[in-house]
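Containing compact mmCIF, C-alpha atoms and all ligand atoms: start.txt.
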# COMPACT_ATOMS: atom_id res chain seq x y z
CA MET A 220 -16.57 -11.26 -15.99
CA SER A 221 -13.99 -8.99 -17.51
CA ASP A 222 -10.40 -10.13 -17.69
CA ASP A 223 -9.05 -6.68 -16.92
CA THR A 224 -10.78 -5.81 -13.71
CA VAL A 225 -11.14 -7.19 -10.22
CA THR A 226 -14.63 -7.99 -9.00
CA MET A 227 -16.36 -8.22 -5.63
CA GLU A 228 -16.33 -12.02 -6.08
CA ASP A 229 -12.53 -11.94 -6.34
CA ILE A 230 -12.38 -9.97 -3.10
CA GLU A 231 -14.78 -12.24 -1.24
CA GLU A 232 -12.75 -15.20 -2.37
CA ALA A 233 -9.58 -13.47 -1.16
CA ARG A 234 -11.17 -12.96 2.23
CA THR A 235 -11.79 -16.73 2.54
CA THR A 236 -8.26 -17.47 1.36
CA LEU A 237 -6.70 -15.04 3.86
CA ALA A 238 -8.77 -16.12 6.87
CA GLY A 239 -6.46 -17.09 9.71
CA ARG A 240 -3.37 -15.97 7.82
CA ILE A 241 -3.50 -12.22 8.42
CA VAL A 242 -4.50 -10.03 11.35
CA ARG A 243 -7.93 -8.44 11.24
CA THR A 244 -6.80 -4.97 12.26
CA PRO A 245 -8.90 -2.72 14.51
CA LEU A 246 -10.91 0.34 13.46
CA VAL A 247 -10.81 2.91 16.26
CA PRO A 248 -12.32 6.39 16.68
CA SER A 249 -10.03 9.43 16.77
CA ALA A 250 -11.26 12.17 19.10
CA SER A 251 -8.87 14.83 17.83
CA LEU A 252 -9.48 14.19 14.11
CA SER A 253 -13.24 14.03 14.71
CA ALA A 254 -13.05 17.46 16.35
CA ARG A 255 -10.99 18.80 13.43
CA ALA A 256 -13.37 17.34 10.80
CA GLY A 257 -16.60 18.14 12.63
CA SER A 258 -17.81 14.56 12.10
CA PRO A 259 -16.80 11.09 13.36
CA VAL A 260 -13.37 9.99 12.08
CA HIS A 261 -12.12 6.43 12.58
CA LEU A 262 -8.65 5.03 11.96
CA LYS A 263 -8.09 1.59 10.43
CA LEU A 264 -4.87 0.50 12.13
CA GLU A 265 -3.44 -1.59 9.30
CA GLN A 266 0.08 -0.64 10.34
CA LEU A 267 -0.44 -3.33 12.99
CA GLN A 268 -0.61 -5.97 10.23
CA ILE A 269 2.08 -8.71 10.26
CA THR A 270 5.18 -7.33 8.40
CA GLY A 271 3.99 -3.79 9.23
CA SER A 272 1.80 -3.10 6.20
CA PHE A 273 -1.25 -4.18 4.19
CA LYS A 274 1.01 -5.55 1.42
CA LEU A 275 0.89 -8.89 3.23
CA ARG A 276 -2.75 -9.30 2.20
CA GLY A 277 -2.18 -9.09 -1.55
CA ALA A 278 1.08 -11.04 -1.49
CA THR A 279 -0.44 -13.86 0.57
CA ASN A 280 -3.49 -14.06 -1.70
CA ALA A 281 -1.22 -14.17 -4.78
CA VAL A 282 1.00 -16.91 -3.36
CA LEU A 283 -1.99 -19.03 -2.32
CA HIS A 284 -3.42 -18.79 -5.83
CA LEU A 285 -0.36 -20.38 -7.43
CA SER A 286 -0.82 -23.83 -8.92
CA PRO A 287 1.01 -26.63 -7.04
CA GLU A 288 3.62 -26.65 -9.83
CA GLU A 289 4.17 -22.92 -9.58
CA ARG A 290 4.40 -23.04 -5.82
CA ALA A 291 7.05 -25.74 -6.08
CA ARG A 292 9.13 -23.44 -8.32
CA GLY A 293 8.73 -20.37 -6.09
CA VAL A 294 8.21 -16.63 -6.48
CA VAL A 295 10.33 -13.60 -7.32
CA GLY A 296 9.72 -9.93 -6.56
CA VAL A 297 11.40 -6.55 -6.81
CA SER A 298 11.01 -4.44 -3.69
CA THR A 299 13.20 -3.19 -0.92
CA GLY A 300 10.21 -2.24 1.14
CA ASN A 301 6.78 -3.36 2.21
CA HIS A 302 5.96 -5.56 -0.79
CA GLY A 303 9.27 -7.40 -0.38
CA ARG A 304 8.53 -8.04 3.27
CA GLY A 305 4.98 -9.13 2.60
CA LEU A 306 5.99 -11.46 -0.23
CA ALA A 307 8.83 -13.01 1.77
CA HIS A 308 6.51 -13.68 4.68
CA ALA A 309 3.74 -15.06 2.44
CA ALA A 310 6.13 -17.40 0.62
CA LYS A 311 7.66 -18.68 3.83
CA ALA A 312 4.22 -19.37 5.29
CA ALA A 313 3.30 -21.34 2.15
CA GLY A 314 6.62 -23.21 2.08
CA ALA A 315 7.59 -21.64 -1.25
CA ARG A 316 11.01 -20.39 -2.34
CA CYS A 317 11.21 -16.59 -2.57
CA VAL A 318 13.84 -14.44 -4.28
CA ILE A 319 13.83 -10.66 -3.86
CA CYS A 320 15.96 -8.67 -6.32
CA MET A 321 17.49 -5.36 -5.25
CA SER A 322 20.03 -2.91 -6.55
CA ARG A 323 23.46 -2.38 -5.00
CA LEU A 324 22.28 0.93 -3.50
CA VAL A 325 20.00 -0.72 -0.97
CA PRO A 326 21.23 -0.37 2.63
CA ARG A 327 22.42 -3.45 4.53
CA ASN A 328 19.65 -3.32 7.16
CA LYS A 329 16.94 -3.63 4.49
CA ILE A 330 18.68 -6.65 2.99
CA GLU A 331 18.93 -8.27 6.40
CA GLY A 332 15.27 -7.51 7.13
CA ILE A 333 14.14 -9.42 4.04
CA GLU A 334 16.62 -12.27 4.61
CA ALA A 335 15.32 -12.62 8.16
CA LEU A 336 11.91 -13.44 6.64
CA GLY A 337 13.48 -16.39 4.84
CA ALA A 338 13.87 -14.93 1.34
CA GLU A 339 16.99 -15.09 -0.85
CA VAL A 340 18.26 -11.66 -1.81
CA ARG A 341 19.90 -11.03 -5.21
CA ILE A 342 21.90 -7.83 -5.45
CA VAL A 343 22.33 -6.58 -9.03
CA GLY A 344 23.07 -3.29 -10.77
CA ASN A 345 22.56 0.25 -9.59
CA SER A 346 18.83 0.85 -9.96
CA GLN A 347 15.38 -0.58 -9.48
CA ASP A 348 15.29 -1.12 -13.26
CA ASP A 349 18.39 -3.35 -13.10
CA ALA A 350 16.75 -5.34 -10.30
CA GLN A 351 13.61 -5.71 -12.44
CA VAL A 352 15.66 -7.05 -15.37
CA GLU A 353 17.30 -9.63 -13.08
CA ALA A 354 13.91 -10.68 -11.69
CA GLU A 355 12.59 -11.21 -15.23
CA ARG A 356 15.70 -13.19 -16.10
CA LEU A 357 15.20 -15.43 -13.05
CA ALA A 358 11.53 -15.90 -13.87
CA ALA A 359 12.45 -17.05 -17.38
CA ALA A 360 15.49 -19.14 -16.43
CA GLN A 361 14.24 -20.83 -13.25
CA GLY A 362 10.46 -20.73 -13.65
CA LEU A 363 9.97 -18.46 -10.65
CA VAL A 364 6.61 -16.66 -10.71
CA MET A 365 6.83 -12.87 -10.65
CA VAL A 366 4.54 -11.30 -8.04
CA PRO A 367 4.19 -7.57 -8.78
CA PRO A 368 3.39 -5.06 -6.02
CA PHE A 369 0.05 -3.71 -7.29
CA ASP A 370 -1.02 -4.45 -10.89
CA GLN A 371 -2.10 -8.07 -10.42
CA ARG A 372 -5.57 -9.56 -9.86
CA HIS A 373 -4.93 -11.48 -6.64
CA VAL A 374 -2.84 -8.68 -5.16
CA ILE A 375 -5.64 -6.15 -5.74
CA ALA A 376 -8.28 -8.57 -4.41
CA GLY A 377 -6.21 -9.18 -1.26
CA GLN A 378 -5.92 -5.46 -0.55
CA GLY A 379 -9.66 -5.15 -1.25
CA THR A 380 -10.46 -7.18 1.88
CA LEU A 381 -9.73 -3.98 3.83
CA GLY A 382 -12.86 -2.46 2.26
CA LEU A 383 -14.99 -5.36 3.50
CA GLU A 384 -13.66 -5.03 7.03
CA ILE A 385 -14.29 -1.28 7.17
CA VAL A 386 -17.95 -1.59 6.12
CA GLU A 387 -18.53 -4.42 8.59
CA ASP A 388 -17.05 -2.43 11.46
CA LEU A 389 -18.53 0.94 10.45
CA PRO A 390 -21.68 0.32 8.39
CA GLN A 391 -22.57 4.03 8.41
CA VAL A 392 -19.27 5.02 6.76
CA GLU A 393 -19.59 7.83 4.18
CA THR A 394 -15.99 8.64 3.24
CA VAL A 395 -12.89 6.43 3.08
CA VAL A 396 -9.44 8.00 2.77
CA VAL A 397 -6.70 5.78 1.31
CA PRO A 398 -2.97 6.28 0.54
CA LEU A 399 -2.34 6.03 -3.21
CA SER A 400 0.68 5.00 -5.27
CA GLY A 401 0.37 2.25 -7.89
CA GLY A 402 -3.28 1.98 -6.92
CA GLY A 403 -3.61 -1.69 -5.96
CA LEU A 404 -4.75 -0.75 -2.49
CA ILE A 405 -7.35 1.84 -3.46
CA ALA A 406 -8.61 -0.13 -6.48
CA GLY A 407 -9.38 -3.20 -4.38
CA MET A 408 -10.82 -1.21 -1.50
CA ALA A 409 -12.96 0.96 -3.75
CA ARG A 410 -14.38 -2.09 -5.55
CA ALA A 411 -15.48 -3.59 -2.23
CA LEU A 412 -16.74 -0.31 -0.79
CA LYS A 413 -18.81 0.63 -3.84
CA ALA A 414 -20.28 -2.86 -4.05
CA LEU A 415 -21.46 -2.67 -0.43
CA LYS A 416 -22.26 1.06 -0.30
CA ALA A 417 -22.77 2.57 -3.72
CA ASP A 418 -22.64 6.17 -2.49
CA ALA A 419 -19.54 5.88 -0.29
CA ARG A 420 -16.89 8.42 -1.30
CA VAL A 421 -13.41 6.97 -1.90
CA ILE A 422 -10.56 9.47 -1.72
CA GLY A 423 -6.94 8.80 -2.70
CA VAL A 424 -4.09 10.75 -1.14
CA THR A 425 -0.53 10.86 -2.42
CA MET A 426 2.58 13.05 -2.29
CA GLU A 427 3.52 15.92 -4.57
CA ARG A 428 6.98 14.42 -5.09
CA GLY A 429 6.17 11.79 -7.70
CA ALA A 430 2.39 11.51 -8.05
CA ALA A 431 2.34 8.99 -10.91
CA MET A 432 -1.31 7.89 -10.66
CA TYR A 433 -2.56 11.43 -10.14
CA GLN A 434 -0.70 12.72 -13.19
CA SER A 435 -1.71 9.68 -15.25
CA GLN A 436 -5.40 10.20 -14.50
CA LYS A 437 -5.05 13.85 -15.47
CA ALA A 438 -3.36 12.87 -18.73
CA GLY A 439 -5.93 10.15 -19.44
CA ARG A 440 -3.22 7.48 -19.83
CA PRO A 441 -0.28 6.12 -17.80
CA VAL A 442 2.59 8.61 -17.77
CA GLU A 443 6.01 8.70 -16.13
CA VAL A 444 6.78 11.37 -13.56
CA GLU A 445 9.98 12.65 -12.02
CA GLU A 446 10.54 11.24 -8.53
CA LEU A 447 12.15 13.02 -5.63
CA PRO A 448 12.99 11.68 -2.18
CA SER A 449 9.95 11.90 0.11
CA LEU A 450 8.98 11.05 3.67
CA ALA A 451 6.29 8.96 1.97
CA ASP A 452 8.89 6.67 0.36
CA ALA A 453 6.46 3.74 -0.10
CA LEU A 454 4.37 5.95 -2.43
CA GLY A 455 7.18 6.26 -5.00
CA GLY A 456 7.45 4.49 -8.36
CA GLY A 457 5.47 4.63 -11.58
CA ILE A 458 2.20 2.86 -12.43
CA GLY A 459 3.66 1.03 -15.47
CA LEU A 460 3.13 2.29 -19.03
CA ASP A 461 1.46 -1.05 -19.79
CA ASN A 462 -0.77 -0.86 -16.71
CA ARG A 463 -3.49 -3.51 -16.89
CA TYR A 464 -5.85 -3.08 -13.92
CA THR A 465 -5.28 -0.17 -11.58
CA PHE A 466 -5.36 2.79 -13.96
CA ALA A 467 -8.83 1.86 -15.23
CA MET A 468 -10.13 0.88 -11.80
CA VAL A 469 -9.02 4.17 -10.27
CA ARG A 470 -10.69 6.04 -13.12
CA GLU A 471 -13.90 4.08 -12.60
CA LEU A 472 -14.07 3.96 -8.80
CA VAL A 473 -12.12 6.75 -7.11
CA ASP A 474 -14.01 9.99 -6.44
CA GLU A 475 -11.19 12.40 -5.56
CA MET A 476 -7.41 12.56 -5.36
CA HIS A 477 -5.32 14.97 -3.30
CA LEU A 478 -1.62 15.81 -3.16
CA LEU A 479 0.45 16.58 -0.08
CA GLY A 480 3.73 18.34 0.59
CA GLU A 481 6.45 17.11 2.90
CA ALA A 482 5.62 19.42 5.81
CA ALA A 483 2.05 18.13 5.97
CA ILE A 484 3.26 14.52 5.94
CA ALA A 485 5.72 15.24 8.77
CA GLU A 486 2.96 16.90 10.77
CA ALA A 487 0.71 13.84 10.31
CA ILE A 488 3.46 11.48 11.57
CA ARG A 489 3.73 13.71 14.65
CA HIS A 490 -0.03 13.79 15.12
CA ALA A 491 -0.25 9.99 14.84
CA TYR A 492 2.33 9.64 17.57
CA TRP A 493 1.40 12.35 20.06
CA GLN A 494 -2.40 12.30 19.66
CA GLU A 495 -3.18 8.75 18.52
CA ARG A 496 -0.14 7.02 20.10
CA GLN A 497 0.65 5.20 16.86
CA VAL A 498 3.94 4.83 14.98
CA ILE A 499 3.19 5.39 11.28
CA GLU A 500 5.48 5.70 8.27
CA GLY A 501 5.06 8.74 6.02
CA SER A 502 3.09 6.84 3.38
CA GLY A 503 0.73 5.57 6.04
CA ALA A 504 0.06 9.03 7.44
CA VAL A 505 -1.16 10.83 4.31
CA GLY A 506 -4.84 10.25 5.13
CA ILE A 507 -4.42 11.99 8.47
CA ALA A 508 -2.53 14.78 6.70
CA ALA A 509 -5.37 15.32 4.22
CA LEU A 510 -7.90 15.75 7.04
CA GLN A 511 -5.61 18.01 9.05
CA ALA A 512 -5.01 20.19 6.00
CA GLY A 513 -8.77 20.49 5.44
CA LEU A 514 -8.49 19.07 1.91
CA ILE A 515 -11.63 16.95 2.28
CA ASP A 516 -14.88 18.85 1.99
CA GLU A 517 -17.65 17.74 4.39
CA PRO A 518 -16.13 14.36 5.14
CA GLY A 519 -19.06 13.01 7.21
CA VAL A 520 -18.52 9.63 8.87
CA THR A 521 -14.97 8.86 7.79
CA ALA A 522 -12.52 5.95 7.88
CA VAL A 523 -8.83 6.71 7.32
CA LEU A 524 -6.54 3.86 6.36
CA LEU A 525 -3.17 3.87 8.16
CA SER A 526 -1.27 1.65 5.74
CA GLY A 527 2.16 0.99 7.26
CA ALA A 528 4.52 1.29 10.21
CA ASN A 529 7.90 0.67 8.57
CA ILE A 530 9.69 3.93 9.23
CA ASP A 531 13.32 4.18 10.30
CA MET A 532 12.99 4.73 14.05
CA THR A 533 15.85 7.23 14.20
CA LEU A 534 14.05 9.34 11.59
CA HIS A 535 10.79 8.90 13.49
CA ASN A 536 12.42 10.06 16.70
CA ARG A 537 13.75 13.20 15.04
CA LEU A 538 10.35 13.98 13.48
CA ILE A 539 8.32 13.60 16.64
CA ASN A 540 10.77 15.81 18.46
CA GLY A 541 9.96 18.58 16.02
CA GLU A 542 12.94 18.50 13.69
CA ASP A 543 12.42 19.45 10.04
CA VAL A 544 13.83 16.42 8.28
CA GLU A 545 14.73 16.43 4.58
CA PRO A 546 14.30 12.85 3.37
CA ALA A 547 17.46 11.27 1.96
CA ALA A 548 17.54 9.90 -1.58
C1 LIG A 601 2.55 0.19 -1.14
C2 LIG A 601 2.08 1.15 -0.10
C3 LIG A 601 1.09 2.11 -0.37
C4 LIG A 601 0.48 2.32 -1.74
O1 LIG A 601 -0.17 1.18 -2.24
P1 LIG A 601 -0.52 1.07 -3.80
O2 LIG A 601 -1.25 -0.20 -3.96
O3 LIG A 601 0.80 1.06 -4.55
O4 LIG A 601 -1.32 2.27 -4.17
C5 LIG A 601 0.67 2.92 0.69
N1 LIG A 601 1.20 2.82 1.93
C6 LIG A 601 2.15 1.91 2.21
C7 LIG A 601 2.69 1.85 3.60
C8 LIG A 601 2.64 1.04 1.22
O5 LIG A 601 3.58 0.13 1.51

Would you mind giving the structure from this file in structure tokens?
Amino acid sequence: MSDDTVTMEDIEEARTTLAGRIVRTPLVPSASLSARAGSPVHLKLEQLQITGSFKLRGATNAVLHLSPEERARGVVGVSTGNHGRGLAHAAKAAGARCVICMSRLVPRNKIEGIEALGAEVRIVGNSQDDAQVEAERLAAAQGLVMVPPFDQRHVIAGQGTLGLEIVEDLPQVETVVVPLSGGGLIAGMARALKALKADARVIGVTMERGAAMYQSQKAGRPVEVEELPSLADALGGGIGLDNRYTFAMVRELVDEMHLLGEAAIAEAIRHAYWQERQVIEGSGAVGIAALQAGLIDEPGVTAVLLSGANIDMTLHNRLINGEDVEPAA
């Protein structure tokens, strides 16, 4: 077994570890997207997961793989969003201390959201980088274990359990469409999907405004990209210049990648609400957007992962009522 990849065995083990600790989310057919695609399209409603996103799977698997000594010391993470929520919830459930580091620019409601899940919040500096430095300092000084959002074995294996569930619920699946940022989600899912169905097509979708994995694959090595505010805010951030797992796994396992503009993402949030009756954040809606835009050639029997629900509801309200919203920085 290679040290720098995640295997089907890791994912099957994650599934046993996670049993009873996460929701097994439903896979439901979409009449309107099936009509648009000309073949059956199903939606995996992972936005209904506890904490509102799939990040709970990886974070819970990582926390439960700590040694008793590590668990007694606790975990630290850097995230104002879905990973922070997932990690806080996972740590609380395991009775472990959790510290989430954030910059001073983070709005009050996000801080309160993470504190409500039982985590300590440390506010430092003016950027994500400053928060990262503080998290590393705490890890060194207090023995807290850093749990990264995507480039970690147990995190990737936890997200991979989504691939197992999709094949069980839709054995005839031909194409799986997955939101893509750091690649932990798609790497784990693609490993499971290809192990169970070697010819399944795995397609990553991300936004034009900061497509770090897309540009890195094109360059043949991890690169940094300029980031702009996007409706798909959970897809921001780089892949790490010292990326260990996800860059190589995406290269090995992902068949296609597509980019989306802001208007298409907004349209997909509207579609999810009015046609599917689901509240989805921008990052969670990119799979729908790719199908609506006709980016996927002959999709066949398709599963689209809806990855998260954590959108500001005032913004959501404006979008579904047809406003053109420019995302704030
Ligand atoms: C984190 C996240 C993603 C992207 O996951 P990666 O593992 O970084 O590729 C997609 N959608 C939502 C809602 C997320 O929170």

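The smallest atom-to-atom distance between ligand LIG 601 (chain A) and any of A:Leu306, A:Leu389, A:Met321, A:Ala354, using all atoms listed in the file, is found for A:Leu306.
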
* With distances taken over all atoms listed in the file, which of A:Gly303, A:Pro546, A:Pro441, A:Gly541 is nearest to ligand LIG 601 (chain A)? -> A:Gly303

* Kindly work out which residues sit at most 6 Å from ligand LIG 601 (chain A), using all atoms listed in the file, and give the list as a ChimeraX atom specification. => /A:272,301,369,398-404,453-454,502-503,526-527

* Structure fact -> Among A:Arg304, A:Arg255, A:Arg496, A:Arg234, Leu510 in chain A is approached most closely, using only C-alpha atoms, by A:Arg255

* For range 286-288 of chain A, work out the shell of residues within 12 Å, counting all atoms listed in the file and skipping chain neighbours fewer than 2 positions away, then give it as JSON, numbers by chain. => {"A": [281, 282, 283, 284, 290, 291, 292, 293, 294, 313, 314, 315, 362, 363, 364]}

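Near range 415-418 of chain A, within 10 Å and counting only C-alpha atoms, sit Met227, Gly382, Leu383, Val386, Glu387, Pro390, Gln391, Val392, Glu393, Thr394, Ala409, Arg410 and Ala411 of chain A, not including residues fewer than 4 positions from it in the same chain.
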
* Asked: Nearest to Trp493 in chain A: which of A:Glu427, A:Ile539, A:Pro368, A:Leu534 is it, counting all atoms listed in the file?
  -> A:Ile539

* To do: Using all atoms listed in the file, determine which residues lie at most 6 Å from range 474-478 of chain A, disregarding the query and same-chain residues fewer than 6 positions distant; provide the list as a ChimeraX atom specification.
  => /A:421-427

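The shortest atom-to-atom distance to Ile241 in chain A, with all atoms listed in the file taken into account, belongs to A:Ala278 out of A:Ala504, A:Ala278, A:Ile488, A:Cys320.
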
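One finds CA of Val352 in chain A at 29.1 Å from CA of Gly379 in chain A.
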
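Proximity to Val498 in chain A was assessed for A:Lys437, A:Arg463, A:His535, A:Arg470 counting all atoms listed in the file; the smallest distance is recorded for A:His535.
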
* Asked: How many Å lie between CA of Gly300 in chain A and CA of Glu265 in chain A, rounded to one decimal?
  -> 15.9 Å

* For Ala528 in chain A, work out the shell of residues within 6 Å, counting all atoms listed in the file and skipping chain neighbours fewer than 2 positions away, then give it as a ChimeraX atom specification. => /A:266,271,498-500,530

Atoms to include: C-alpha atoms. Write the selected residues as a PDB file, in the frame of the given file.
ATOM      1  CA  GLN A 266       0.080  -0.640  10.340  1.00  0.00           C
ATOM      2  CA  GLY A 271       3.990  -3.790   9.230  1.00  0.00           C
ATOM      3  CA  VAL A 498       3.940   4.830  14.980  1.00  0.00           C
ATOM      4  CA  ILE A 499       3.190   5.390  11.280  1.00  0.00           C
ATOM      5  CA  GLU A 500       5.480   5.700   8.270  1.00  0.00           C
ATOM      6  CA  ILE A 530       9.690   3.930   9.230  1.00  0.00           C
TER       7      ILE A 530
END

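CA of Ala430 in chain A lies 21.0 Å from CA of Gln351 in chain A.
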
* Identify, on the basis of all atoms listed in the file, every residue whose closest approach to Ser249 in chain A does not exceed 6 Å; exclude the query and any residue fewer than 4 positions from it along the same chain; express the result as JSON, numbers by chain. => {"A": [253, 260, 261]}

Hey, could you pull the box centre and edge lengths for range 415-423 of chain A, axis-aligned, 4 Å padding per side, all listed atoms, to one decimal in Å, as AutoDock Vina command-line options?
--center_x -14.9 --center_y 3.4 --center_z -2.0 --size_x 23.8 --size_y 20.1 --size_z 11.4

* Using all atoms listed in the file, collect all residues at a distance of at most 12 Å from (-10.1, 20.9, 5.8) as written in the file, then present them as a ChimeraX atom specification. => /A:252-258,477,506-518

Would you mind putting back N, CA, C and O atoms on range 264-277 of chain A, then writing it out as a compact mmCIF listing (two decimals), in the frame of the given file?
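Generated output (selection.txt):
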# COMPACT_ATOMS: atom_id res chain seq x y z
N LEU A 264 -6.27 0.62 11.70
CA LEU A 264 -4.87 0.50 12.13
C LEU A 264 -4.14 -0.63 11.41
O LEU A 264 -3.63 -1.56 12.02
N GLU A 265 -4.05 -0.51 10.07
CA GLU A 265 -3.44 -1.59 9.30
C GLU A 265 -1.91 -1.60 9.44
O GLU A 265 -1.26 -2.57 9.05
N GLN A 266 -1.36 -0.58 10.06
CA GLN A 266 0.08 -0.64 10.34
C GLN A 266 0.39 -1.72 11.36
O GLN A 266 1.55 -2.11 11.51
N LEU A 267 -0.65 -2.23 12.04
CA LEU A 267 -0.44 -3.33 12.99
C LEU A 267 -0.44 -4.69 12.30
O LEU A 267 -0.31 -5.73 12.96
N GLN A 268 -0.63 -4.71 10.98
CA GLN A 268 -0.61 -5.97 10.23
C GLN A 268 0.76 -6.64 10.38
O GLN A 268 1.78 -5.97 10.55
N ILE A 269 0.81 -7.96 10.30
CA ILE A 269 2.08 -8.71 10.26
C ILE A 269 2.93 -8.13 9.11
O ILE A 269 2.38 -7.83 8.04
N THR A 270 4.20 -7.97 9.31
CA THR A 270 5.18 -7.33 8.40
C THR A 270 5.02 -5.81 8.36
O THR A 270 5.72 -5.13 7.62
N GLY A 271 4.09 -5.24 9.11
CA GLY A 271 3.99 -3.79 9.23
C GLY A 271 3.27 -3.07 8.11
O GLY A 271 3.30 -1.84 8.06
N SER A 272 2.62 -3.80 7.21
CA SER A 272 1.80 -3.10 6.20
C SER A 272 0.78 -4.05 5.58
O SER A 272 0.90 -5.27 5.67
N PHE A 273 -0.19 -3.44 4.89
CA PHE A 273 -1.25 -4.18 4.19
C PHE A 273 -0.74 -5.05 3.06
O PHE A 273 -1.46 -5.91 2.55
N LYS A 274 0.51 -4.82 2.59
CA LYS A 274 1.01 -5.55 1.42
C LYS A 274 0.98 -7.06 1.65
O LYS A 274 0.96 -7.84 0.70
N LEU A 275 0.98 -7.46 2.92
CA LEU A 275 0.89 -8.89 3.23
C LEU A 275 -0.39 -9.51 2.67
O LEU A 275 -0.39 -10.66 2.25
N ARG A 276 -1.47 -8.74 2.67
CA ARG A 276 -2.75 -9.30 2.20
C ARG A 276 -2.66 -9.72 0.74
O ARG A 276 -2.96 -10.86 0.38
N GLY A 277 -2.25 -8.79 -0.12
CA GLY A 277 -2.18 -9.09 -1.55
C GLY A 277 -1.15 -10.17 -1.86
O GLY A 277 -1.40 -11.06 -2.66
